[in-house]
>>> print(open('work_30.txt').read())   # compact mmCIF, C-alpha atoms
# COMPACT_ATOMS: atom_id res chain seq x y z
CA MET O 1 244.35 165.04 127.30
CA THR O 2 242.00 166.78 129.71
CA ASP O 3 242.23 169.51 132.27
CA LYS O 4 241.56 169.01 135.97
CA ASN O 5 237.81 169.17 135.34
CA GLY O 6 237.91 166.33 132.87
CA THR O 7 237.40 168.53 129.80
CA LEU O 8 239.15 167.48 126.60
CA ASP O 9 242.08 169.80 125.83
CA LYS O 10 242.62 171.70 122.57
CA TYR O 11 244.93 169.01 121.19
CA THR O 12 242.32 166.29 121.62
CA VAL O 13 239.57 168.47 120.17
CA GLN O 14 241.78 169.22 117.17
CA ARG O 15 242.44 165.52 116.63
CA ARG O 16 238.72 164.83 116.66
CA ARG O 17 238.09 167.64 114.17
CA GLU O 18 240.78 166.27 111.87
CA ALA O 19 239.03 162.91 111.96
CA THR O 20 235.65 164.42 111.14
CA SER O 21 235.57 165.60 107.56
CA HIS O 22 231.98 166.56 106.96
CA ALA O 23 229.25 167.64 109.36
CA SER O 24 228.20 164.61 111.43
CA ASN O 25 230.20 162.09 109.39
CA VAL O 26 233.31 160.48 110.85
CA PHE O 27 235.71 158.42 108.74
CA LEU O 28 237.83 156.04 110.78
CA ASP O 29 240.27 155.17 107.99
CA ARG O 30 241.46 158.80 107.99
CA MET O 31 242.68 158.50 111.59
CA ASP O 32 245.92 157.22 113.03
CA GLY O 33 245.91 155.37 116.36
CA TYR O 34 246.18 158.52 118.49
CA GLN O 35 243.44 160.31 116.58
CA PHE O 36 241.20 157.26 117.03
CA GLN O 37 241.93 157.33 120.77
CA GLY O 38 241.03 161.03 120.97
CA PHE O 39 237.85 160.46 119.01
CA ILE O 40 236.75 157.63 121.31
CA ALA O 41 237.37 159.85 124.34
CA ASP O 42 235.23 162.60 122.83
CA LEU O 43 232.51 160.09 121.91
CA TYR O 44 232.20 158.81 125.49
CA GLN O 45 232.16 162.36 126.82
CA ARG O 46 229.22 163.05 124.47
CA LEU O 47 227.57 159.88 125.78
CA GLY O 48 227.56 161.34 129.30
CA PHE O 49 230.77 160.01 130.84
CA SER O 50 232.70 162.49 132.98
CA ASN O 51 236.34 163.16 133.86
CA VAL O 52 237.40 161.67 130.54
CA ARG O 53 241.20 161.54 130.51
CA VAL O 54 243.29 160.44 127.54
CA GLY O 55 246.53 158.64 128.34
CA PRO O 56 249.83 160.22 127.26
CA VAL O 57 251.18 159.50 123.78
CA GLY O 58 253.34 156.37 123.84
CA ALA O 59 251.94 154.97 127.07
CA ASP O 60 251.48 151.21 127.00
CA GLU O 61 249.88 150.10 130.21
CA GLY O 62 246.75 148.67 128.63
CA ILE O 63 244.93 151.90 129.43
CA ASP O 64 244.26 154.55 126.79
CA ILE O 65 241.38 156.39 128.47
CA LYS O 66 240.17 156.76 132.04
CA MET O 67 236.68 158.06 132.74
CA GLU O 68 233.76 157.91 135.12
CA GLN O 69 230.20 156.79 134.48
CA PRO O 70 227.58 158.38 136.74
CA THR O 71 224.79 155.95 137.72
CA ALA O 72 221.87 155.94 140.14
CA VAL O 73 223.88 153.85 142.63
CA GLY O 74 227.16 155.72 142.34
CA THR O 75 230.05 156.44 140.03
CA ILE O 76 231.69 153.66 138.06
CA ARG O 77 235.38 154.16 137.31
CA CYS O 78 236.17 152.89 133.80
CA VAL O 79 239.26 152.24 131.72
CA VAL O 80 239.24 151.96 127.94
CA GLU O 81 241.70 150.27 125.60
CA CYS O 82 241.52 151.47 121.97
CA LYS O 83 242.62 149.29 119.06
CA HIS O 84 242.46 150.91 115.64
CA HIS O 85 242.67 147.87 113.38
CA ALA O 86 239.90 148.11 110.79
CA GLU O 87 241.11 145.04 108.88
CA GLY O 88 242.17 143.07 111.96
CA ILE O 89 240.64 140.74 114.51
CA ILE O 90 241.37 141.56 118.15
CA GLY O 91 242.31 138.43 120.09
CA ARG O 92 242.18 137.27 123.71
CA PRO O 93 245.59 138.70 124.82
CA VAL O 94 244.30 142.30 124.54
CA ILE O 95 241.38 141.46 126.84
CA GLN O 96 243.66 139.72 129.34
CA LYS O 97 245.96 142.73 129.41
CA LEU O 98 243.11 145.13 130.15
CA HIS O 99 241.73 142.79 132.84
CA SER O 100 245.11 142.85 134.60
CA ALA O 101 245.17 146.66 134.37
CA ILE O 102 241.73 146.88 135.99
CA ILE O 103 242.93 144.81 138.94
CA THR O 104 246.19 146.77 139.25
CA LYS O 105 244.55 150.21 139.03
CA ALA O 106 241.55 149.23 141.20
CA MET O 107 239.07 150.21 138.52
CA ASN O 108 235.43 149.04 138.30
CA LYS O 109 234.93 148.45 134.59
CA GLY O 110 236.95 147.81 131.45
CA ILE O 111 236.02 148.53 127.81
CA VAL O 112 237.89 147.55 124.66
CA VAL O 113 236.98 149.56 121.56
CA THR O 114 238.12 148.58 118.07
CA SER O 115 237.48 149.74 114.53
CA GLY O 116 237.50 146.05 113.58
CA TYR O 117 236.10 142.92 115.23
CA PHE O 118 236.92 140.47 118.04
CA SER O 119 237.82 136.80 117.82
CA SER O 120 235.48 134.20 119.34
CA ASP O 121 238.08 133.48 122.08
CA ALA O 122 238.24 137.18 122.96
CA ILE O 123 234.44 137.42 123.15
CA GLN O 124 234.19 134.34 125.39
CA TYR O 125 236.97 135.54 127.72
CA ALA O 126 235.46 139.03 127.96
CA GLU O 127 232.11 137.52 129.00
CA ASN O 128 233.83 135.47 131.70
CA VAL O 129 235.70 138.42 133.26
CA GLY O 130 233.10 141.17 132.62
CA ILE O 131 234.93 143.25 130.01
CA GLU O 132 232.71 145.22 127.63
CA LEU O 133 233.61 144.87 123.93
CA VAL O 134 232.79 147.52 121.34
CA ASP O 135 233.43 146.51 117.73
CA ILE O 136 232.79 148.59 114.60
CA ASP O 137 229.10 147.64 114.50
CA LYS O 138 228.47 148.69 118.10
CA LEU O 139 230.65 151.77 117.61
CA GLU O 140 228.38 152.88 114.77
CA GLU O 141 225.36 152.44 117.08
CA LEU O 142 227.00 154.56 119.79
CA GLY O 143 227.73 157.26 117.23
CA LYS O 144 224.08 157.42 116.20
CA LYS O 145 223.10 158.14 119.80
CA VAL O 146 225.03 161.41 119.68
CA GLY O 147 224.23 162.33 116.08
CA LEU O 148 227.40 161.00 114.45
CA THR O 149 227.53 158.73 111.42
CA ILE O 150 230.66 156.60 111.76
CA HIS O 151 232.16 155.05 108.63
CA ALA O 152 234.86 152.38 108.72
CA GLU O 153 235.93 153.51 105.25
CA SER O 154 235.86 156.89 103.58
CA VAL O 155 232.96 157.53 101.25
CA LEU O 156 232.60 160.35 98.79
CA LEU O 157 229.86 162.64 99.98
CA ILE O 158 227.83 164.49 97.39
CA ASP O 159 226.49 167.60 99.06
CA ASN O 160 223.41 169.60 98.06
CA CYS O 161 221.91 166.95 95.83
CA PHE O 162 218.26 166.95 94.86
CA PRO O 163 216.41 163.82 96.01
CA ILE O 164 217.42 160.55 94.33
CA PRO O 165 214.55 158.06 94.41
CA GLU O 166 214.90 154.29 94.36
CA GLU O 167 215.02 152.56 90.97
CA SER O 168 211.56 151.07 91.57
CA GLU O 169 210.17 154.59 92.00
CA ILE O 170 211.75 155.65 88.69
CA VAL O 171 210.08 152.70 86.98
CA ASP O 172 206.73 153.68 88.55
CA SER O 173 207.23 157.26 87.34
CA LEU O 174 208.03 156.00 83.83
CA ASN O 175 204.83 153.97 83.81
CA GLY O 176 202.89 157.04 84.92
CA PHE O 177 204.54 159.16 82.23
CA LEU O 178 203.75 156.68 79.45
CA LYS O 179 200.17 156.19 80.63
CA GLY O 180 199.66 159.94 80.63
CA ASN O 181 201.29 160.51 77.23
CA LEU O 182 200.50 157.44 75.12
CA LYS O 183 196.96 156.50 74.21
CA GLY O 184 196.59 152.73 74.14
CA PHE O 185 199.47 152.12 76.58
CA HIS O 186 199.32 149.70 79.49
CA GLU O 187 202.07 148.31 81.74
CA GLY O 188 202.06 144.89 80.08
CA LEU O 189 203.51 146.40 76.91
CA MET O 190 206.65 147.78 78.53
CA ARG O 191 209.83 146.24 79.96
CA VAL O 192 212.64 148.28 81.55
CA GLU O 193 216.08 147.40 80.18
CA ASP O 194 218.38 149.81 82.02
CA VAL O 195 218.24 152.69 84.49
CA SER O 196 221.26 154.96 84.94
CA LEU O 197 221.92 158.24 86.69
CA ARG O 198 223.93 161.32 85.81
CA LEU O 199 224.52 164.12 88.28
CA LYS O 200 224.57 167.48 86.54
CA SER O 201 226.52 170.15 88.36
CA ALA O 202 224.67 173.44 88.64
CA TYR O 203 224.61 176.68 90.57
CA MET O 204 221.24 177.50 92.09
CA ILE O 205 220.88 181.26 92.36
CA ASP O 206 218.18 182.66 94.64
CA TYR O 207 217.29 186.19 93.63
CA ALA O 208 214.82 189.01 94.07
CA ILE O 209 213.99 191.61 91.43
CA ASN O 210 212.10 194.80 92.03
CA ALA O 211 211.86 197.29 89.16
CA GLU O 212 209.48 199.99 87.95
CA PHE O 213 209.43 201.65 84.56
CA SER O 214 207.78 205.04 84.03
CA THR O 215 207.10 207.57 81.33
CA SER O 216 205.34 210.90 81.38
CA VAL O 217 202.02 209.03 81.69
CA GLY O 218 203.15 207.17 84.83
CA ILE O 219 204.21 203.60 85.55
CA ILE O 220 203.88 201.41 82.47
CA HIS O 221 205.49 198.22 83.77
CA SER O 222 206.72 196.78 87.06
CA VAL O 223 208.41 193.58 88.25
CA ASN O 224 208.41 192.32 91.83
CA GLU O 225 209.45 188.68 92.06
CA SER O 226 211.60 186.25 94.04
CA SER O 227 212.65 182.88 92.67
CA SER O 228 215.64 180.74 91.66
CA VAL O 229 217.49 180.03 88.42
CA PHE O 230 220.11 177.43 87.61
CA PHE O 231 223.42 177.78 85.79
CA GLU O 232 225.62 174.98 84.51
CA GLY O 233 228.48 174.14 86.84
CA GLU O 234 230.90 173.43 84.01
CA ASN O 235 230.47 176.51 81.82
CA GLY O 236 228.22 178.90 83.75
CA HIS O 237 225.48 179.01 81.08
CA LEU O 238 221.88 179.54 82.12
CA LEU O 239 219.94 176.27 82.12
CA ASN O 240 216.60 176.07 80.37
CA GLN O 241 213.89 176.96 82.86
CA GLU O 242 211.50 174.30 81.59
CA THR O 243 214.17 171.79 82.56
CA THR O 244 214.89 173.19 86.00
CA ASN O 245 211.51 174.57 87.13
CA PRO O 246 210.36 171.16 88.48
CA PHE O 247 213.23 171.33 90.99
CA LEU O 248 211.88 174.55 92.49
CA ASP O 249 209.10 172.57 94.17
CA VAL O 250 211.64 170.37 96.00
CA LYS O 251 214.46 172.86 96.64
CA GLY O 252 213.86 172.52 100.37
CA ARG O 253 214.76 168.84 100.16
CA LEU O 254 218.41 169.20 99.15
CA THR O 255 220.33 166.43 100.83
CA GLU O 256 223.71 164.76 101.26
CA ILE O 257 224.27 161.56 99.29
CA HIS O 258 226.90 158.87 99.84
CA GLU O 259 228.27 158.05 96.43
CA LYS O 260 228.61 154.37 97.31
CA GLU O 261 224.83 154.22 97.81
CA ILE O 262 224.22 155.18 94.18
CA LYS O 263 227.37 153.68 92.67
CA ALA O 264 225.50 150.89 90.88
CA LYS O 265 223.52 153.33 88.73
CA LEU O 266 225.80 156.43 88.67
CA VAL O 267 227.55 156.71 85.30
CA LYS O 268 228.71 160.34 85.40
CA LYS O 269 229.15 163.14 87.90
CA GLU O 270 230.02 166.56 86.51
CA GLU O 271 232.49 168.87 88.21
CA PHE O 272 232.30 172.60 88.98
CA PHE O 273 234.64 174.84 87.02
CA LYS O 274 233.13 178.27 87.50
CA SER O 275 233.63 180.42 90.58
CA PHE O 276 230.76 181.88 92.58
CA ARG O 277 231.85 185.35 91.50
CA GLU O 278 231.66 184.45 87.79
CA VAL O 279 228.28 182.80 88.18
CA LYS O 280 226.82 185.73 90.13
CA GLU O 281 227.95 188.09 87.38
CA ASN O 282 226.40 185.81 84.77
CA ALA O 283 223.23 185.62 86.84
CA LYS O 284 222.62 189.36 86.83
CA GLU O 285 223.10 189.57 83.08
CA ALA O 286 220.84 186.56 82.49
CA LEU O 287 218.14 187.92 84.79
CA ARG O 288 218.22 191.29 83.10
CA SER O 289 217.63 189.50 79.80
CA LEU O 290 214.89 187.25 81.23
CA TYR O 291 212.95 190.19 82.62
CA THR O 292 213.44 192.54 79.68
CA LYS O 293 210.05 193.24 78.16
CA THR O 294 208.74 195.54 75.46
CA VAL O 295 205.44 197.07 76.49
CA SER O 296 202.95 199.19 74.58
CA TYR O 297 201.21 202.22 76.05
CA HIS O 298 199.34 205.32 74.94
CA GLY O 299 200.74 208.78 75.55
CA ARG O 300 198.76 211.80 76.64
CA ASN O 301 198.16 212.57 72.97
CA ASN O 302 196.53 209.12 72.62
CA VAL O 303 199.34 207.97 70.34
CA ALA O 304 200.56 204.37 70.84
CA TYR O 305 204.17 203.96 71.89
CA ALA O 306 206.41 200.99 72.65
CA LYS O 307 209.15 200.94 75.27
CA THR O 308 211.66 198.20 76.05
CA CYS O 309 211.95 197.90 79.81
CA ILE O 310 215.38 196.59 80.86
CA PRO O 311 216.06 196.07 84.60
CA SER O 312 219.30 197.52 85.89
CA ASN O 313 221.82 195.66 88.05
CA ARG O 314 220.67 197.57 91.11
CA ASP O 315 217.13 196.21 90.58
CA ILE O 316 218.42 192.66 91.12
CA VAL O 317 219.56 191.23 94.45
CA ILE O 318 221.38 187.87 94.53
CA ARG O 319 220.28 186.39 97.85
CA ASP O 320 222.13 183.10 97.72
CA ALA O 321 224.27 180.97 95.42
CA ARG O 322 224.72 177.26 96.00
CA ARG O 323 226.42 174.42 94.21
CA VAL O 324 223.84 171.70 93.64
CA TYR O 325 223.54 168.44 91.75
CA LEU O 326 220.56 167.78 89.49
CA PRO O 327 219.78 164.05 89.07
CA ILE O 328 219.28 163.26 85.38
CA TRP O 329 217.93 159.80 84.60
CA SER O 330 218.37 157.84 81.39
CA ILE O 331 215.97 154.91 81.13
CA GLY O 332 216.21 152.27 78.43
CA PHE O 333 212.99 150.35 77.92
CA SER O 334 211.18 148.33 75.30
CA ILE O 335 207.58 148.53 74.18
CA LEU O 336 206.99 145.26 72.35
CA LYS O 337 209.39 145.22 69.36
CA ASN O 338 210.69 148.78 69.77
CA LYS O 339 213.40 149.89 72.22
CA TYR O 340 213.53 153.46 73.48
CA ILE O 341 215.70 155.61 75.67
CA ILE O 342 214.26 158.53 77.58
CA VAL O 343 216.23 161.18 79.46
CA ALA O 344 214.34 162.89 82.24
CA THR O 345 214.33 164.46 85.65
CA GLU O 346 212.09 163.03 88.36
CA THR O 347 210.46 165.16 91.03
CA SER O 348 207.65 164.16 93.37
CA GLY O 349 206.82 161.05 91.37
CA ARG O 350 206.63 162.92 88.06
CA LEU O 351 208.93 162.24 85.11
CA ASN O 352 209.94 165.34 83.14
CA HIS O 353 211.11 164.41 79.61
CA LEU O 354 214.31 166.11 78.35
CA PRO O 355 216.21 166.04 75.05
CA ARG O 356 218.85 163.30 75.19
CA VAL O 357 221.63 165.77 74.36
CA PHE O 358 220.92 167.56 77.65
CA ALA O 359 222.82 164.83 79.52
CA ASP O 360 225.04 163.70 76.63
CA VAL O 361 223.64 160.18 76.84
CA PRO O 362 225.11 157.71 74.31
CA LEU O 363 222.59 155.80 72.23
CA ALA O 364 222.95 152.03 71.82
CA SER O 365 222.52 150.76 68.27
CA ASP O 366 219.26 148.92 68.99
CA PHE O 367 217.64 151.82 70.88
CA THR O 368 215.97 154.94 69.55
CA ASP O 369 215.23 158.29 71.18
CA TYR O 370 211.79 158.52 72.70
CA PRO O 371 210.24 160.31 69.71
CA TYR O 372 208.76 163.74 69.41
CA ASN O 373 207.53 162.97 65.87
CA CYS O 374 205.38 160.13 64.54
CA MET O 375 207.43 156.99 63.79
CA VAL O 376 205.27 156.19 60.74
CA CYS O 377 204.99 159.46 58.83
CA HIS O 378 208.10 160.96 60.51
CA PHE O 379 206.52 164.38 60.12
CA SER O 380 203.69 164.99 62.54
CA ASP O 381 204.59 166.22 66.03
CA VAL O 382 202.84 163.70 68.27
CA GLY O 383 202.47 166.27 71.06
CA ASP O 384 199.54 165.45 73.33
CA GLU O 385 198.05 163.15 70.68
CA ALA O 386 200.60 160.31 70.84
CA TYR O 387 199.46 156.72 70.35
CA VAL O 388 201.29 153.44 70.83
CA CYS O 389 200.83 150.47 68.50
CA ASN O 390 199.81 147.41 70.50
CA GLU O 391 201.35 145.18 67.83
CA CYS O 392 204.88 146.56 67.40
CA GLY O 393 205.22 149.30 70.03
CA ALA O 394 205.75 152.17 67.57
CA ILE O 395 204.69 155.64 68.71
CA THR O 396 202.53 157.43 66.19
CA CYS O 397 200.34 160.42 65.57
CA LYS O 398 196.55 160.11 65.60
CA ARG O 399 196.33 159.95 61.80
CA ASP O 400 198.61 156.87 61.64
CA ASN O 401 196.92 154.91 64.43
CA PHE O 402 193.74 152.87 64.20
CA ARG O 403 191.52 150.68 66.36
CA CYS O 404 190.92 147.03 65.53
CA LYS O 405 187.24 146.60 64.74
CA VAL O 406 187.08 143.35 66.74
CA CYS O 407 189.37 143.58 69.78
CA GLY O 408 189.79 147.37 69.96
CA LYS O 409 193.62 147.27 70.06
CA ALA O 410 195.52 150.35 68.87
CA ILE O 411 197.35 149.45 65.63
CA CYS O 412 199.72 151.61 63.61
CA ARG O 413 199.39 152.08 59.85
CA ASN O 414 202.27 149.67 59.19
CA ASP O 415 200.57 146.78 61.02
CA VAL O 416 196.89 147.36 60.33
CA LYS O 417 194.99 145.00 58.06
CA THR O 418 192.07 146.41 56.06
CA LYS O 419 188.97 145.08 54.33
CA ARG O 420 187.01 147.31 52.02
CA LYS O 421 183.47 147.79 53.31
CA PHE O 422 181.94 150.14 50.78
CA LEU O 423 183.40 152.16 47.95
CA PHE O 424 185.09 154.68 50.22
CA PHE O 425 185.10 152.86 53.57
CA LYS O 426 187.32 150.20 55.09
CA ASP O 427 187.22 148.03 58.20
CA ARG O 428 190.51 147.81 60.05
CA TYR O 429 191.83 144.86 62.01
CA CYS O 430 194.89 143.88 64.00
CA PRO O 431 196.92 141.05 62.40
CA ARG O 432 195.50 138.39 64.75
CA CYS O 433 191.86 139.30 64.21
CA ALA O 434 192.45 139.67 60.47
CA GLU O 435 193.97 136.20 60.30
CA SER O 436 191.04 134.68 62.16
CA ARG O 437 188.74 136.13 59.49
CA GLY O 438 190.87 135.15 56.54
CA ILE O 439 191.81 138.75 55.74
CA VAL O 440 195.22 139.06 54.12
>>> encode(input="work_30.txt", output="structure tokens")
Amino acid sequence: MTDKNGTLDKYTVQRRREATSHASNVFLDRMDGYQFQGFIADLYQRLGFSNVRVGPVGADEGIDIKMEQPTAVGTIRCVVECKHHAEGIIGRPVIQKLHSAIITKAMNKGIVVTSGYFSSDAIQYAENVGIELVDIDKLEELGKKVGLTIHAESVLLIDNCFPIPEESEIVDSLNGFLKGNLKGFHEGLMRVEDVSLRLKSAYMIDYAINAEFSTSVGIIHSVNESSSVFFEGENGHLLNQETTNPFLDVKGRLTEIHEKEIKAKLVKKEEFFKSFREVKENAKEALRSLYTKTVSYHGRNNVAYAKTCIPSNRDIVIRDARRVYLPIWSIGFSILKNKYIIVATETSGRLNHLPRVFADVPLASDFTDYPYNCMVCHFSDVGDEAYVCNECGAITCKRDNFRCKVCGKAICRNDVKTKRKFLFFKDRYCPRCAESRGIV
């Protein structure tokens, strides 16, 4: 309904609000016929039509909405028939009925709007008599013009999610990670087997801390910092900062994700079980611990002292607390004969390796964790000196990896073939080059 100036009344506005569940998203399957009618009236008013009037509930004259369309040559008087049938096909009789109403009411233009589609007969008849048809596809286009995203069906919206790249970007990031971490690696050695996504629920706490610690000799320590920390959404525990720090660079890119868009790769989405109040209390305690520091200083008597500086609650200000989702990727891939799984976050094209237990990722029988230790000696931490065997794909430490004397391929100790050169020296070959030289 509208008042005498053509403004939608409170009832119609309320119906539109009930139909709109999240920001600029509108879900048509959550509306009944009258709510759909009210929404369409509001949509056309946003599109610039004036004197938009919604017909009374129960009216059945082929007219649901009357409105006027200002143009350069004058005002066009329009009538609209609304048909909320998402699964249905609107046939010719509806168009005929509206055409008769236009003639009877001496209107200039007729529009039929549906949440479904029109039959070919209805489309042909509408073209013949000059009736405008708006199906779900065109309705979505009209919504975009006024900043609304119209959905025929409800979708689960995941709010405040860190960016989720395309699968191809994850594969590119994996290649970059392996190239940067494995000596002897090239893309031809690797094949991606599976990419899946887990959304970890977390609270992102923005804080500021300002504290000074003094003794008789003056200020011995001070803290003045603003940043963010993350706490688990399920239990409220502080998340490891090495894990979450990469997200700080992209915290301004939090976005809204439609779950159906990531359904193919989403295997788990955690829930939130802690309240904001609990998490804020945890945050202050955690921050006090993080910024506690024992400092050494000399007193006036030149004697060395040590003091543990612990910030107080009043030194810490919690500026904001938000529920966020952290995308955690598990990527199964093979390097020649070996299959690995790596769990990681991805930010700005960079893969950040995590322990598999961080996302509780199950391990298939023929896969192994991307190793931290050499796969030959099982002792040495490969660290920044990791090598990949170009024969079997094993990841090794420097001591257990060799170069073929002929082709230069990186070969692990288990695959290398040797030929004694002098008393204490050996030449090393890959299996193929060894075979070509008759070396067993």
>>> residues_near_point(input="work_30.txt", point="(212.3, 159.4, 86.7)", cutoff="12 Å", atoms="only C-alpha atoms", output="number ranges by chain")
O: 163-178, 195-198, 327-332, 342-354
>>> closest_residue(input="work_30.txt", among="O:Val217, O:Pro362, O:Ser312, O:Pro355", to="O:Arg300", atoms="only C-alpha atoms")
O:Val217
>>> residues_around(input="work_30.txt", residues="O:Ser214", least_positions_apart="2", cutoff="12 Å", atoms="all atoms listed in the file", output="JSON, numbers by chain")
{"O": [211, 212, 216, 217, 218, 219, 220, 221, 222, 295, 297, 299, 307, 308, 309, 310]}
>>> atom_distance(input="work_30.txt", atom1="atom CA of O:Phe402", atom2="atom CA of O:Ser436")
18.5 Å
>>> closest_residue(input="work_30.txt", among="O:Cys377, O:Val73, O:Leu326, O:Val279", to="O:Gly236", atoms="all atoms listed in the file")
O:Val279
>>> atom_distance(input="work_30.txt", atom1="atom CA of O:Gly147", atom2="atom CA of O:Lys66")
23.2 Å
>>> residues_around(input="work_30.txt", residues="O:Arg46", least_positions_apart="2", cutoff="12 Å", atoms="all atoms listed in the file", output="PyMOL selection string")
chain O and resi 7-8+39-44+48-52+69+142-148
>>> atom_distance(input="work_30.txt", atom1="atom CA of O:Thr104", atom2="atom CA of O:Asp121")
23.2 Å
>>> closest_residue(input="work_30.txt", among="O:Ala306, O:Ala321, O:Cys404, O:Leu139", to="O:Lys417", atoms="all atoms listed in the file")
O:Cys404
>>> residues_around(input="work_30.txt", residues="O:Cys412", least_positions_apart="5", cutoff="10 Å", atoms="only C-alpha atoms", output="list in words")
Met375, Val376, Tyr387, Val388, Cys389, Asn390, Glu391, Cys392, Gly393, Ala394, Ile395, Thr396, Cys397, Lys398, Arg399, Asp400, Asn401, Phe402, Arg403, Lys417 and Cys430 of chain O
>>> closest_atom_pairs(input="work_30.txt", of="stretch 206-245 of chain O", to="stretch 287-290 of chain O", cutoff="12 Å", atoms="all atoms listed in the file", output="tab-separated table")
residue	atom	partner	partner_atom	distance
O:Asp206	CA	O:Leu287	CA	11.2
O:Tyr207	CA	O:Leu287	CA	9.0
O:Ala208	CA	O:Leu287	CA	9.9
O:Ile209	CA	O:Leu287	CA	8.7
O:Asn210	CA	O:Arg288	CA	11.4
O:Ala211	CA	O:Arg288	CA	10.6
O:Val223	CA	O:Arg288	CA	11.3
O:Glu225	CA	O:Leu287	CA	11.4
O:Ser226	CA	O:Leu287	CA	11.5
O:Ser227	CA	O:Leu287	CA	10.8
O:Ser228	CA	O:Leu287	CA	10.2
O:Val229	CA	O:Leu287	CA	8.7
O:Phe230	CA	O:Leu287	CA	11.0
O:Phe231	CA	O:Leu287	CA	11.5
O:Leu238	CA	O:Leu287	CA	9.6
O:Asn240	CA	O:Leu290	CA	11.3
O:Gln241	CA	O:Leu290	CA	10.5
>>> closest_residue(input="work_30.txt", among="O:Phe367, O:Phe162, O:Tyr325, O:Phe36", to="O:Gly252", atoms="all atoms listed in the file")
O:Phe162
